[in-house]
file coords_14.tsv (TSV, C-alpha atoms)
chain	number	residue	atom	x	y	z
B	180	MET	CA	109.17	-56.51	-4.37
B	181	GLY	CA	109.21	-52.96	-5.44
B	182	LYS	CA	106.46	-53.41	-8.06
B	183	LYS	CA	104.29	-55.29	-5.65
B	184	GLY	CA	104.55	-52.54	-3.03
B	185	LYS	CA	103.64	-49.88	-5.58
B	186	LYS	CA	100.44	-51.76	-6.50
B	187	GLU	CA	99.46	-52.02	-2.87
B	188	LYS	CA	99.94	-48.27	-2.36
B	189	LYS	CA	97.82	-47.51	-5.41
B	190	GLY	CA	95.03	-49.75	-4.11
B	191	ARG	CA	95.03	-48.05	-0.74
B	192	GLY	CA	94.93	-44.59	-2.39
B	193	ALA	CA	91.90	-45.55	-4.45
B	194	GLU	CA	90.13	-46.77	-1.34
B	195	LYS	CA	90.89	-43.54	0.45
B	196	THR	CA	89.65	-41.52	-2.50
B	197	ALA	CA	86.41	-43.53	-2.66
B	198	ALA	CA	85.90	-43.13	1.07
B	199	LYS	CA	86.42	-39.38	0.76
B	200	MET	CA	83.96	-39.17	-2.11
B	201	GLU	CA	81.40	-41.20	-0.20
B	202	LYS	CA	81.85	-38.98	2.79
B	203	LYS	CA	81.36	-35.85	0.66
B	204	VAL	CA	78.24	-37.28	-0.98
B	205	SER	CA	76.81	-38.29	2.37
B	206	LYS	CA	77.50	-34.86	3.79
B	207	ARG	CA	75.95	-33.17	0.78
B	208	SER	CA	72.81	-35.32	0.97
B	209	ARG	CA	72.42	-34.57	4.66
B	210	LYS	CA	72.71	-30.87	3.91
B	211	GLU	CA	70.13	-31.10	1.16
B	212	GLU	CA	67.81	-32.95	3.48
B	213	GLU	CA	68.30	-30.28	6.11
B	214	ASP	CA	67.69	-27.55	3.55
B	215	LEU	CA	64.54	-29.35	2.35
B	216	GLU	CA	63.27	-29.70	5.90
B	217	ALA	CA	63.97	-26.04	6.54
B	218	LEU	CA	62.15	-25.11	3.32
B	219	ILE	CA	59.14	-27.25	4.27
B	220	ALA	CA	59.08	-25.68	7.72
B	221	HIS	CA	59.23	-22.23	6.13
B	222	PHE	CA	56.27	-22.96	3.88
B	223	GLN	CA	54.36	-24.43	6.78
B	224	THR	CA	54.92	-21.21	8.74
B	225	LEU	CA	53.71	-19.10	5.81
B	226	ASP	CA	50.66	-21.33	5.36
B	227	ALA	CA	49.82	-21.06	9.06
B	228	LYS	CA	50.00	-17.29	8.89
B	229	ARG	CA	47.82	-17.26	5.78
B	230	THR	CA	45.09	-19.39	7.39
B	231	GLN	CA	45.28	-17.79	10.81
B	232	THR	CA	42.00	-16.21	12.09
B	233	VAL	CA	42.34	-12.78	13.68
B	234	GLU	CA	39.41	-10.88	15.29
B	235	LEU	CA	39.55	-7.15	14.69
B	236	PRO	CA	36.93	-4.52	15.72
B	237	CYS	CA	35.06	-3.02	12.74
B	238	PRO	CA	31.95	-0.87	12.09
B	239	PRO	CA	28.58	-2.56	11.43
B	240	PRO	CA	27.82	-3.62	7.84
B	241	SER	CA	26.06	-1.22	5.51
B	242	PRO	CA	22.37	-1.87	4.55
B	243	ARG	CA	22.06	-4.61	1.97
B	244	SER	CA	19.56	-6.92	0.37
B	245	THR	CA	18.60	-10.06	2.29
B	246	GLY	CA	16.34	-11.74	-0.26
B	247	GLY	CA	13.34	-9.50	0.34
B	248	PRO	CA	10.70	-8.25	-2.09
B	249	SER	CA	11.72	-6.23	-5.13
B	250	GLY	CA	11.06	-2.50	-5.28
B	251	ARG	CA	7.36	-1.74	-5.74
B	252	SER	CA	4.44	0.50	-4.78
B	253	GLY	CA	0.74	-0.05	-4.18
B	254	HIS	CA	1.49	-3.09	-1.98
B	255	ARG	CA	-0.15	-3.75	1.38
B	256	MET	CA	1.39	-4.81	4.69
B	257	VAL	CA	-0.03	-5.82	8.08
B	258	ALA	CA	1.49	-6.73	11.43
B	259	TRP	CA	0.99	-10.40	12.36
B	260	LYS	CA	2.46	-11.55	15.68
B	261	ARG	CA	6.22	-10.85	15.46
B	262	GLN	CA	6.19	-10.47	11.68
B	263	LEU	CA	5.18	-8.03	8.99
B	264	ILE	CA	3.28	-9.70	6.13
B	265	LEU	CA	3.53	-8.01	2.71
B	266	PHE	CA	1.39	-8.76	-0.33
B	267	GLY	CA	1.13	-7.61	-3.94
B	268	GLY	CA	1.92	-4.23	-5.46
B	269	PHE	CA	3.29	-3.17	-8.82
B	270	HIS	CA	6.40	-1.78	-10.45
B	271	GLU	CA	6.23	0.54	-13.45
B	272	SER	CA	9.10	1.63	-15.64
B	273	THR	CA	9.25	3.87	-18.68
B	274	ARG	CA	8.70	0.87	-20.95
B	275	ASP	CA	6.54	-1.61	-19.08
B	276	TYR	CA	4.85	-2.50	-15.78
B	277	ILE	CA	4.37	-5.61	-13.68
B	278	TYR	CA	1.87	-6.52	-10.94
B	279	TYR	CA	2.67	-8.90	-8.07
B	280	ASN	CA	0.76	-11.41	-5.96
B	281	ASP	CA	3.72	-12.73	-3.94
B	282	VAL	CA	3.82	-12.84	-0.13
B	283	TYR	CA	6.80	-11.93	2.07
B	284	ALA	CA	7.33	-11.99	5.83
B	285	PHE	CA	9.71	-9.72	7.73
B	286	ASN	CA	10.84	-11.10	11.09
B	287	LEU	CA	10.97	-8.37	13.73
B	288	ASP	CA	13.43	-10.37	15.88
B	289	THR	CA	16.05	-11.22	13.25
B	290	PHE	CA	15.33	-8.32	10.83
B	291	THR	CA	15.30	-10.69	7.85
B	292	TRP	CA	12.92	-11.23	4.93
B	293	SER	CA	11.57	-14.60	3.91
B	294	LYS	CA	9.33	-15.44	0.98
B	295	LEU	CA	6.18	-17.40	1.77
B	296	SER	CA	4.80	-19.98	-0.64
B	297	PRO	CA	1.19	-20.56	0.42
B	298	SER	CA	-0.68	-23.55	-0.95
B	299	GLY	CA	-4.09	-23.23	-2.58
B	300	THR	CA	-5.32	-20.72	-5.17
B	301	GLY	CA	-4.65	-17.14	-4.11
B	302	PRO	CA	-5.45	-13.70	-5.55
B	303	THR	CA	-4.29	-12.71	-9.00
B	304	PRO	CA	-1.57	-10.03	-9.20
B	305	ARG	CA	-2.88	-6.64	-8.06
B	306	SER	CA	-2.19	-3.48	-6.09
B	307	GLY	CA	-4.21	-1.23	-3.78
B	308	CYS	CA	-6.18	-4.02	-2.10
B	309	GLN	CA	-7.59	-4.19	1.43
B	310	MET	CA	-5.51	-6.23	3.88
B	311	SER	CA	-6.50	-6.80	7.51
B	312	VAL	CA	-5.99	-9.32	10.32
B	313	THR	CA	-9.00	-11.25	11.62
B	314	PRO	CA	-9.61	-12.02	15.32
B	315	GLN	CA	-8.93	-15.69	14.49
B	316	GLY	CA	-5.39	-14.88	13.31
B	317	GLY	CA	-5.96	-15.01	9.55
B	318	ILE	CA	-5.29	-12.26	7.01
B	319	VAL	CA	-8.06	-11.05	4.68
B	320	VAL	CA	-7.21	-9.67	1.22
B	321	TYR	CA	-10.05	-7.92	-0.62
B	322	GLY	CA	-10.34	-6.09	-3.94
B	323	GLY	CA	-7.57	-4.14	-5.61
B	324	TYR	CA	-6.69	-2.99	-9.11
B	325	SER	CA	-4.58	-4.26	-11.99
B	326	LYS	CA	-4.22	-3.64	-15.70
B	327	GLN	CA	-2.94	-5.49	-18.69
B	328	ARG	CA	-1.92	-4.50	-22.19
B	329	VAL	CA	-4.49	-5.51	-24.79
B	330	LYS	CA	-2.65	-4.00	-27.74
B	331	LYS	CA	0.10	-1.51	-28.44
B	332	ASP	CA	-0.23	1.58	-26.21
B	333	VAL	CA	-3.67	0.39	-25.00
B	334	ASP	CA	-4.16	-0.95	-21.44
B	335	LYS	CA	-7.27	-2.39	-19.85
B	336	GLY	CA	-7.82	-1.95	-16.12
B	337	THR	CA	-9.57	-4.43	-13.82
B	338	ARG	CA	-11.27	-3.61	-10.50
B	339	HIS	CA	-11.18	-6.70	-8.33
B	340	SER	CA	-13.99	-7.45	-5.87
B	341	ASP	CA	-12.98	-10.95	-4.73
B	342	MET	CA	-11.88	-11.86	-1.19
B	343	PHE	CA	-9.28	-14.34	0.05
B	344	LEU	CA	-8.11	-15.58	3.45
B	345	LEU	CA	-4.43	-16.26	4.15
B	346	LYS	CA	-3.82	-18.27	7.31
B	347	PRO	CA	-1.19	-20.62	8.82
B	348	GLU	CA	-1.79	-24.26	7.95
B	349	ASP	CA	-2.16	-26.59	10.95
B	350	GLY	CA	-1.00	-23.78	13.25
B	351	ARG	CA	2.49	-23.67	11.71
B	352	GLU	CA	3.98	-20.23	11.10
B	353	ASP	CA	6.20	-21.50	8.26
B	354	LYS	CA	3.35	-23.02	6.23
B	355	TRP	CA	0.45	-20.96	4.88
B	356	VAL	CA	-2.64	-21.62	2.78
B	357	TRP	CA	-4.95	-19.48	0.60
B	358	THR	CA	-8.74	-19.89	0.81
B	359	ARG	CA	-11.30	-18.03	-1.32
B	360	MET	CA	-14.14	-16.45	0.67
B	361	ASN	CA	-17.72	-15.57	-0.26
B	362	PRO	CA	-19.04	-13.22	2.43
B	363	SER	CA	-22.73	-12.47	2.73
B	364	GLY	CA	-24.47	-9.14	3.27
B	365	VAL	CA	-24.41	-5.84	1.35
B	366	LYS	CA	-21.10	-5.77	-0.49
B	367	PRO	CA	-19.35	-2.63	-1.77
B	368	THR	CA	-19.54	-1.97	-5.48
B	369	PRO	CA	-16.30	-2.65	-7.41
B	370	ARG	CA	-13.87	0.24	-7.00
B	371	SER	CA	-10.27	1.20	-6.37
B	372	GLY	CA	-8.57	3.89	-4.29
B	373	PHE	CA	-10.67	3.10	-1.21
B	374	SER	CA	-9.38	3.64	2.32
B	375	VAL	CA	-9.33	1.10	5.16
B	376	ALA	CA	-9.18	1.28	8.96
B	377	MET	CA	-9.93	-1.02	11.88
B	378	ALA	CA	-13.25	-0.17	13.55
B	379	PRO	CA	-14.43	-1.25	17.04
B	380	ASN	CA	-15.34	-4.91	17.59
B	381	HIS	CA	-12.54	-5.97	15.22
B	382	GLN	CA	-14.51	-4.89	12.16
B	383	THR	CA	-12.78	-3.59	9.05
B	384	LEU	CA	-14.03	-0.18	7.90
B	385	PHE	CA	-14.10	0.65	4.21
B	386	PHE	CA	-14.55	4.26	2.93
B	387	GLY	CA	-14.82	6.00	-0.44
B	388	GLY	CA	-12.94	5.12	-3.62
B	389	VAL	CA	-13.46	5.56	-7.34
B	390	CYS	CA	-14.89	3.45	-10.15
B	391	ASP	CA	-13.10	4.33	-13.39
B	392	GLU	CA	-14.81	3.81	-16.72
B	393	GLU	CA	-12.02	3.33	-19.24
B	394	GLU	CA	-12.25	3.66	-22.98
B	395	GLU	CA	-9.48	3.66	-25.56
B	396	GLU	CA	-9.04	7.43	-25.53
B	397	SER	CA	-10.88	8.59	-22.41
B	398	LEU	CA	-11.14	7.89	-18.69
B	399	SER	CA	-13.96	9.00	-16.40
B	400	GLY	CA	-14.57	8.06	-12.80
B	401	GLU	CA	-17.41	7.93	-10.28
B	402	PHE	CA	-16.24	8.81	-6.77
B	403	PHE	CA	-17.78	7.51	-3.54
B	404	ASN	CA	-18.09	8.62	0.08
B	405	ASP	CA	-20.00	5.64	1.46
B	406	LEU	CA	-19.11	3.46	4.43
B	407	TYR	CA	-19.00	-0.32	4.67
B	408	PHE	CA	-18.05	-2.65	7.51
B	409	TYR	CA	-16.72	-6.19	7.18
B	410	ASP	CA	-17.26	-8.48	10.17
B	411	ALA	CA	-14.70	-11.29	9.92
B	412	THR	CA	-16.32	-13.24	12.76
B	413	ARG	CA	-19.57	-13.59	10.82
B	414	ASN	CA	-17.98	-13.27	7.36
B	415	ARG	CA	-20.54	-10.60	6.46
B	416	TRP	CA	-20.61	-7.11	4.92
B	417	PHE	CA	-22.73	-4.29	6.37
B	418	GLU	CA	-23.50	-0.93	4.81
B	419	GLY	CA	-22.82	1.93	7.22
B	420	GLN	CA	-25.73	4.40	7.39
B	421	LEU	CA	-26.27	7.34	9.70
B	422	LYS	CA	-29.14	7.36	12.20
B	423	GLY	CA	-29.47	11.14	12.39
B	424	PRO	CA	-29.46	13.46	15.44
B	425	LYS	CA	-31.53	12.30	18.41
B	426	SER	CA	-33.11	15.76	18.91
B	427	GLU	CA	-34.91	15.51	15.57
B	428	LYS	CA	-36.11	12.00	16.40
B	429	LYS	CA	-37.76	13.27	19.59
B	430	LYS	CA	-39.47	16.12	17.73
B	431	ARG	CA	-40.84	13.71	15.14
B	432	ARG	CA	-42.14	11.35	17.82
B	433	ARG	CA	-43.74	14.24	19.70
B	434	GLY	CA	-45.44	15.36	16.50
B	435	ARG	CA	-47.02	11.91	16.09
B	436	LYS	CA	-48.48	11.99	19.59
B	437	GLU	CA	-50.17	15.33	18.90
B	438	GLU	CA	-51.87	14.03	15.73
B	439	PRO	CA	-55.63	13.31	16.01
B	440	GLU	CA	-56.65	9.70	16.36
B	441	GLY	CA	-58.21	9.63	12.92
B	442	GLY	CA	-55.25	11.29	11.26
B	443	SER	CA	-53.70	9.40	8.41
B	444	ARG	CA	-49.99	8.88	7.87
B	445	PRO	CA	-48.32	10.72	4.97
B	446	ALA	CA	-48.27	8.90	1.70
B	447	CYS	CA	-45.04	7.55	0.27
B	448	GLY	CA	-42.97	10.40	-1.09
B	449	GLY	CA	-44.62	12.98	1.18
B	450	ALA	CA	-43.11	15.10	3.89
B	451	GLY	CA	-42.95	12.19	6.33
B	452	THR	CA	-40.55	10.09	4.24
B	453	GLN	CA	-36.87	10.72	3.73
B	454	GLY	CA	-35.98	11.25	0.10
B	455	PRO	CA	-32.54	11.87	-1.40
B	456	VAL	CA	-30.98	15.19	-0.44
B	457	GLN	CA	-28.60	16.93	-2.84
B	458	LEU	CA	-25.76	19.03	-1.45
B	459	VAL	CA	-23.64	21.38	-3.53
B	460	LYS	CA	-20.10	22.38	-2.56
B	461	GLU	CA	-17.62	24.61	-4.32
B	462	VAL	CA	-13.92	23.73	-4.05
B	463	VAL	CA	-11.10	25.86	-5.38
B	464	ALA	CA	-8.38	23.95	-7.21
B	465	GLU	CA	-4.70	24.85	-6.95
B	466	ASP	CA	-4.86	26.85	-10.19
B	467	GLY	CA	-7.79	28.92	-8.90
B	468	THR	CA	-10.52	27.08	-10.78
B	469	VAL	CA	-13.77	26.63	-8.85
B	470	VAL	CA	-15.13	23.10	-9.14
B	471	THR	CA	-18.70	22.34	-8.11
B	472	ILE	CA	-19.30	19.05	-6.25
B	473	LYS	CA	-22.81	17.62	-6.20
B	474	GLN	CA	-23.41	15.12	-3.42
B	475	VAL	CA	-26.60	13.05	-3.12
B	476	LEU	CA	-27.39	11.72	0.35
B	477	THR	CA	-29.83	8.82	0.61
B	478	ALA	CA	-32.24	8.16	3.44
B	479	PRO	CA	-30.40	7.09	6.59
B	480	GLY	CA	-30.81	3.74	8.32
B	481	SER	CA	-28.97	1.62	10.84
B	482	ALA	CA	-25.18	1.63	10.84
B	483	GLY	CA	-22.93	-1.38	10.71
B	484	GLN	CA	-25.92	-3.71	11.26
B	485	PRO	CA	-28.61	-5.30	9.04
B	486	ARG	CA	-31.58	-3.07	8.22
B	487	SER	CA	-34.42	-3.13	10.76
B	488	GLU	CA	-37.76	-4.54	9.68
B	489	ASP	CA	-39.62	-1.81	11.60
B	490	GLU	CA	-41.49	0.40	9.12
B	491	ASP	CA	-40.99	3.47	11.32
B	492	SER	CA	-37.20	3.19	11.35
B	493	LEU	CA	-36.77	5.54	8.38
B	494	GLU	CA	-39.32	8.03	9.66
B	495	GLU	CA	-37.67	8.20	13.07
B	496	ALA	CA	-34.28	8.85	11.56
B	497	GLY	CA	-33.11	12.42	11.40
B	498	SER	CA	-32.13	14.34	8.32
B	499	PRO	CA	-28.81	13.29	6.84
B	500	ALA	CA	-25.91	15.53	7.83
B	501	PRO	CA	-23.37	16.57	5.19
B	502	GLY	CA	-20.10	14.72	5.50
B	503	PRO	CA	-16.97	14.29	3.40
B	504	CYS	CA	-17.61	14.74	-0.29
B	505	PRO	CA	-16.91	11.75	-2.57
B	506	ARG	CA	-13.19	11.10	-2.89
B	507	SER	CA	-10.48	8.49	-3.23
B	508	ASN	CA	-7.20	7.85	-1.41
B	509	ALA	CA	-8.29	9.58	1.79
B	510	MET	CA	-6.40	8.96	5.03
B	511	LEU	CA	-8.33	7.25	7.84
B	512	ALA	CA	-7.66	6.87	11.56
B	513	VAL	CA	-9.79	5.52	14.41
B	514	LYS	CA	-9.24	6.76	17.95
B	515	HIS	CA	-11.52	5.88	20.90
B	516	GLY	CA	-14.26	4.74	18.52
B	517	VAL	CA	-14.18	7.94	16.42
B	518	LEU	CA	-13.36	7.77	12.71
B	519	TYR	CA	-11.29	10.62	11.24
B	520	VAL	CA	-11.20	11.23	7.47
B	521	TYR	CA	-8.63	13.63	6.04
B	522	GLY	CA	-7.98	14.79	2.50
B	523	GLY	CA	-8.00	12.68	-0.62
B	524	MET	CA	-8.67	13.65	-4.20
B	525	PHE	CA	-11.37	13.67	-6.84
B	526	GLU	CA	-11.55	14.58	-10.50
B	527	ALA	CA	-13.73	17.10	-12.30
B	528	GLY	CA	-13.31	16.58	-16.02
B	529	ASP	CA	-9.60	16.71	-16.78
B	530	ARG	CA	-8.79	18.41	-13.47
B	531	GLN	CA	-7.65	16.73	-10.28
B	532	VAL	CA	-8.57	18.42	-7.02
B	533	THR	CA	-6.64	17.63	-3.85
B	534	LEU	CA	-8.66	18.03	-0.65
B	535	SER	CA	-7.51	19.21	2.78
B	536	ASP	CA	-10.69	18.99	4.87
B	537	LEU	CA	-11.00	16.91	8.04
B	538	HIS	CA	-14.17	15.15	9.23
B	539	CYS	CA	-15.00	12.82	12.09
B	540	LEU	CA	-17.78	10.35	12.89
B	541	ASP	CA	-18.62	8.57	16.14
B	542	LEU	CA	-18.75	4.91	15.13
B	543	HIS	CA	-20.67	3.91	18.26
B	544	ARG	CA	-23.53	6.40	17.75
B	545	MET	CA	-23.39	6.74	13.95
B	546	GLU	CA	-25.54	9.87	14.14
B	547	ALA	CA	-23.87	12.48	11.94
B	548	TRP	CA	-20.56	13.60	10.47
B	549	LYS	CA	-18.80	16.53	12.10
B	550	ALA	CA	-16.55	18.84	10.08
B	551	LEU	CA	-13.39	19.70	12.04
B	552	VAL	CA	-11.61	21.56	9.23
B	553	GLU	CA	-13.47	22.70	6.14
B	554	MET	CA	-12.35	24.32	2.91
B	555	ASP	CA	-12.47	28.03	3.77
B	556	PRO	CA	-15.26	29.58	1.63
B	557	GLU	CA	-14.10	33.15	2.36
B	558	THR	CA	-10.86	32.59	0.47
B	559	GLN	CA	-12.66	31.22	-2.60
B	560	GLU	CA	-13.12	33.41	-5.63
B	561	TRP	CA	-15.40	32.45	-8.48
B	562	LEU	CA	-13.47	31.84	-11.66
B	563	GLU	CA	-14.87	30.38	-14.85
B	564	GLU	CA	-13.31	27.08	-15.83
B	565	THR	CA	-11.27	27.93	-18.91
B	566	ASP	CA	-8.17	26.52	-20.51
B	567	SER	CA	-4.85	28.28	-20.09
B	568	GLU	CA	-4.77	29.12	-23.81
B	569	GLU	CA	-8.14	30.90	-23.60
B	570	ASP	CA	-6.96	32.77	-20.52
B	571	SER	CA	-3.84	33.94	-22.31
B	572	GLU	CA	-5.88	35.03	-25.37
B	573	GLU	CA	-8.26	37.01	-23.16
B	574	VAL	CA	-5.33	38.72	-21.45
B	575	GLU	CA	-3.72	39.57	-24.78
B	576	GLY	CA	-7.04	40.88	-26.12
B	577	ALA	CA	-7.54	43.06	-23.06
B	578	GLU	CA	-4.04	44.48	-23.39
B	579	GLY	CA	-4.66	45.15	-27.07
B	580	GLY	CA	-7.88	47.03	-26.29
B	581	VAL	CA	-6.08	49.25	-23.83
B	582	ASP	CA	-3.42	50.04	-26.39
B	583	ASP	CA	-6.07	50.90	-28.99
B	584	GLU	CA	-7.84	53.26	-26.60
B	585	ASP	CA	-4.56	54.95	-25.72
B	586	SER	CA	-3.68	55.40	-29.38
B	587	GLY	CA	-7.18	56.82	-30.08
B	588	GLU	CA	-6.83	59.34	-27.28
B	589	GLU	CA	-3.42	60.38	-28.52
B	590	SER	CA	-4.69	60.87	-32.06
B	591	GLY	CA	-7.66	62.86	-30.78
B	592	ALA	CA	-5.34	65.10	-28.80
B	593	GLU	CA	-3.21	65.73	-31.84
B	594	ASP	CA	-6.26	66.77	-33.85
call {"tool": "encode", "arguments": {"input": "coords_14.tsv", "output": "structure tokens"}}
result
Amino acid sequence: MGKKGKKEKKGRGAEKTAAKMEKKVSKRSRKEEEDLEALIAHFQTLDAKRTQTVELPCPPPSPRSTGGPSGRSGHRMVAWKRQLILFGGFHESTRDYIYYNDVYAFNLDTFTWSKLSPSGTGPTPRSGCQMSVTPQGGIVVYGGYSKQRVKKDVDKGTRHSDMFLLKPEDGREDKWVWTRMNPSGVKPTPRSGFSVAMAPNHQTLFFGGVCDEEEEESLSGEFFNDLYFYDATRNRWFEGQLKGPKSEKKKRRRGRKEEPEGGSRPACGGAGTQGPVQLVKEVVAEDGTVVTIKQVLTAPGSAGQPRSEDEDSLEEAGSPAPGPCPRSNAMLAVKHGVLYVYGGMFEAGDRQVTLSDLHCLDLHRMEAWKALVEMDPETQEWLEETDSEEDSEEVEGAEGGVDDEDSGEESGAED
């Protein structure tokens, strides 16, 4: 009996031990589960904080690029509805240069750039062209200048005289098309550096410029002071010519009435016809050099309109009035139908002369130029055009002559 009781006690003890172990394991697993849940909750809290959106007041962003055109100069830009349309230009570095013919639009509501990709064949890359808006809502691009390298250290320039029209396709502002134009009338000669302004009746006014003749080792230019008008409505060029003062017209008409009935009209080339008139101006450059400008004025005719077929039109016109001398890169402005021309530059040999005169012309009457501010002749002093080296040699020679005279006088005194 005693052995049997001992075995029963041992069996109960083992059961108790197993129950205790199971209880401990169950408790430990529950704790681990609780710890794991707490850890997951902790990471969830950290993740929520990391992805939380918080609005804080801050200063506006600094200026930055928004996909607009690259840095350039010589480009042209016009206002079109609520946008600014930019075309062309060039960029030149110490090693190379590049010309552009891309088109960009700047939205005046959102202040953002967008690049336009017009269909059709447009202008070749260029700078310094004419760009104006037509009454029909298109944009005209005319002329310009570009150059390309033909061999090492040798560039060849091109003066463009073609014209293109850029307009929205099917009335859509996000789709544009290029069209080449062939206007009629008297077209300007090829040139660069001309100035542009909007004249009355939505005509585009074109003034001055220069035609450079380039050779491998030399560059010479012919400067202009002529006027042209482009009428986009009729797609036609007109040469602007002055009519002359009305007072002289009346005198000439009165003189005809007093002629005898059998009197004959002057022959061609006589006093009754208007021949070219040459004007000579002297302009002082910044270094004091006096440069002589010769300006040839042709016989006047009608302005901004086709020439009249009346044979007396030239005889009734007054004598041409001197206006701005030939120049390039002048500044133009039109106010109340009056054109104002200020400054510009021209070249005389290797010298560049910057101008500061101001002229105006009534575009409705087209009678004569009026000088508002001229180069002051009283402050001009005649100086021969010499190189700086020759000037320095002359100064040194003069100083040497003075020294020689002084030494001669001293020696004579000693004798």
call {"tool": "atom_distance", "arguments": {"input": "coords_14.tsv", "atom1": "CA of Arg544 in chain B", "atom2": "CA of His515 in chain B"}}
result
12.4 Å
call {"tool": "atom_distance", "arguments": {"input": "coords_14.tsv", "atom1": "CA of Val520 in chain B", "atom2": "CA of Pro505 in chain B"}}
result
11.6 Å
call {"tool": "closest_residue", "arguments": {"input": "coords_14.tsv", "among": "B:Val329, B:Val356, B:Val513, B:Ala411", "to": "Ala376 in chain B", "atoms": "only C-alpha atoms"}}
result
B:Val513
call {"tool": "atom_distance", "arguments": {"input": "coords_14.tsv", "atom1": "CA of Lys330 in chain B", "atom2": "CA of Asn280 in chain B"}}
result
23.3 Å
call {"tool": "residues_around", "arguments": {"input": "coords_14.tsv", "residues": "Val517 in chain B", "least_positions_apart": "3", "cutoff": "12 Å", "atoms": "only C-alpha atoms", "output": "PyMOL selection string"}}
result
chain B and resi 376-379+384+511-514+520+538-549
call {"tool": "closest_residue", "arguments": {"input": "coords_14.tsv", "among": "B:Ala284, B:Val312, B:Leu421, B:Val365", "to": "Thr383 in chain B", "atoms": "only C-alpha atoms"}}
result
B:Val312
call {"tool": "residues_around", "arguments": {"input": "coords_14.tsv", "residues": "Gly364 in chain B", "least_positions_apart": "5", "cutoff": "7 Å", "atoms": "only C-alpha atoms", "output": "list in words"}}
result
Arg415, Trp416 and Phe417 of chain B
call {"tool": "write_last_selection", "arguments": {"input": "coords_14.tsv", "atoms": "C-alpha atoms", "output": "PDB file, in the coordinates of the input"}}
result
ATOM      1  CA  ARG B 415     -20.540 -10.600   6.460  1.00  0.00           C
ATOM      2  CA  TRP B 416     -20.610  -7.110   4.920  1.00  0.00           C
ATOM      3  CA  PHE B 417     -22.730  -4.290   6.370  1.00  0.00           C
TER       4      PHE B 417
END
call {"tool": "residues_near_point", "arguments": {"input": "coords_14.tsv", "point": "(-16.7, -16.4, 12.5)", "cutoff": "10 Å", "atoms": "all atoms listed in the file", "output": "mmCIF file with C-alpha atoms, in the frame of the given file"}}
result
data_model
loop_
_atom_site.group_PDB
_atom_site.id
_atom_site.type_symbol
_atom_site.label_atom_id
_atom_site.label_comp_id
_atom_site.auth_asym_id
_atom_site.auth_seq_id
_atom_site.Cartn_x
_atom_site.Cartn_y
_atom_site.Cartn_z
ATOM 1 C CA THR B 313 -9.000 -11.250 11.620
ATOM 2 C CA PRO B 314 -9.610 -12.020 15.320
ATOM 3 C CA GLN B 315 -8.930 -15.690 14.490
ATOM 4 C CA ASP B 410 -17.260 -8.480 10.170
ATOM 5 C CA ALA B 411 -14.700 -11.290 9.920
ATOM 6 C CA THR B 412 -16.320 -13.240 12.760
ATOM 7 C CA ARG B 413 -19.570 -13.590 10.820
ATOM 8 C CA ASN B 414 -17.980 -13.270 7.360
ATOM 9 C CA ARG B 415 -20.540 -10.600 6.460
#
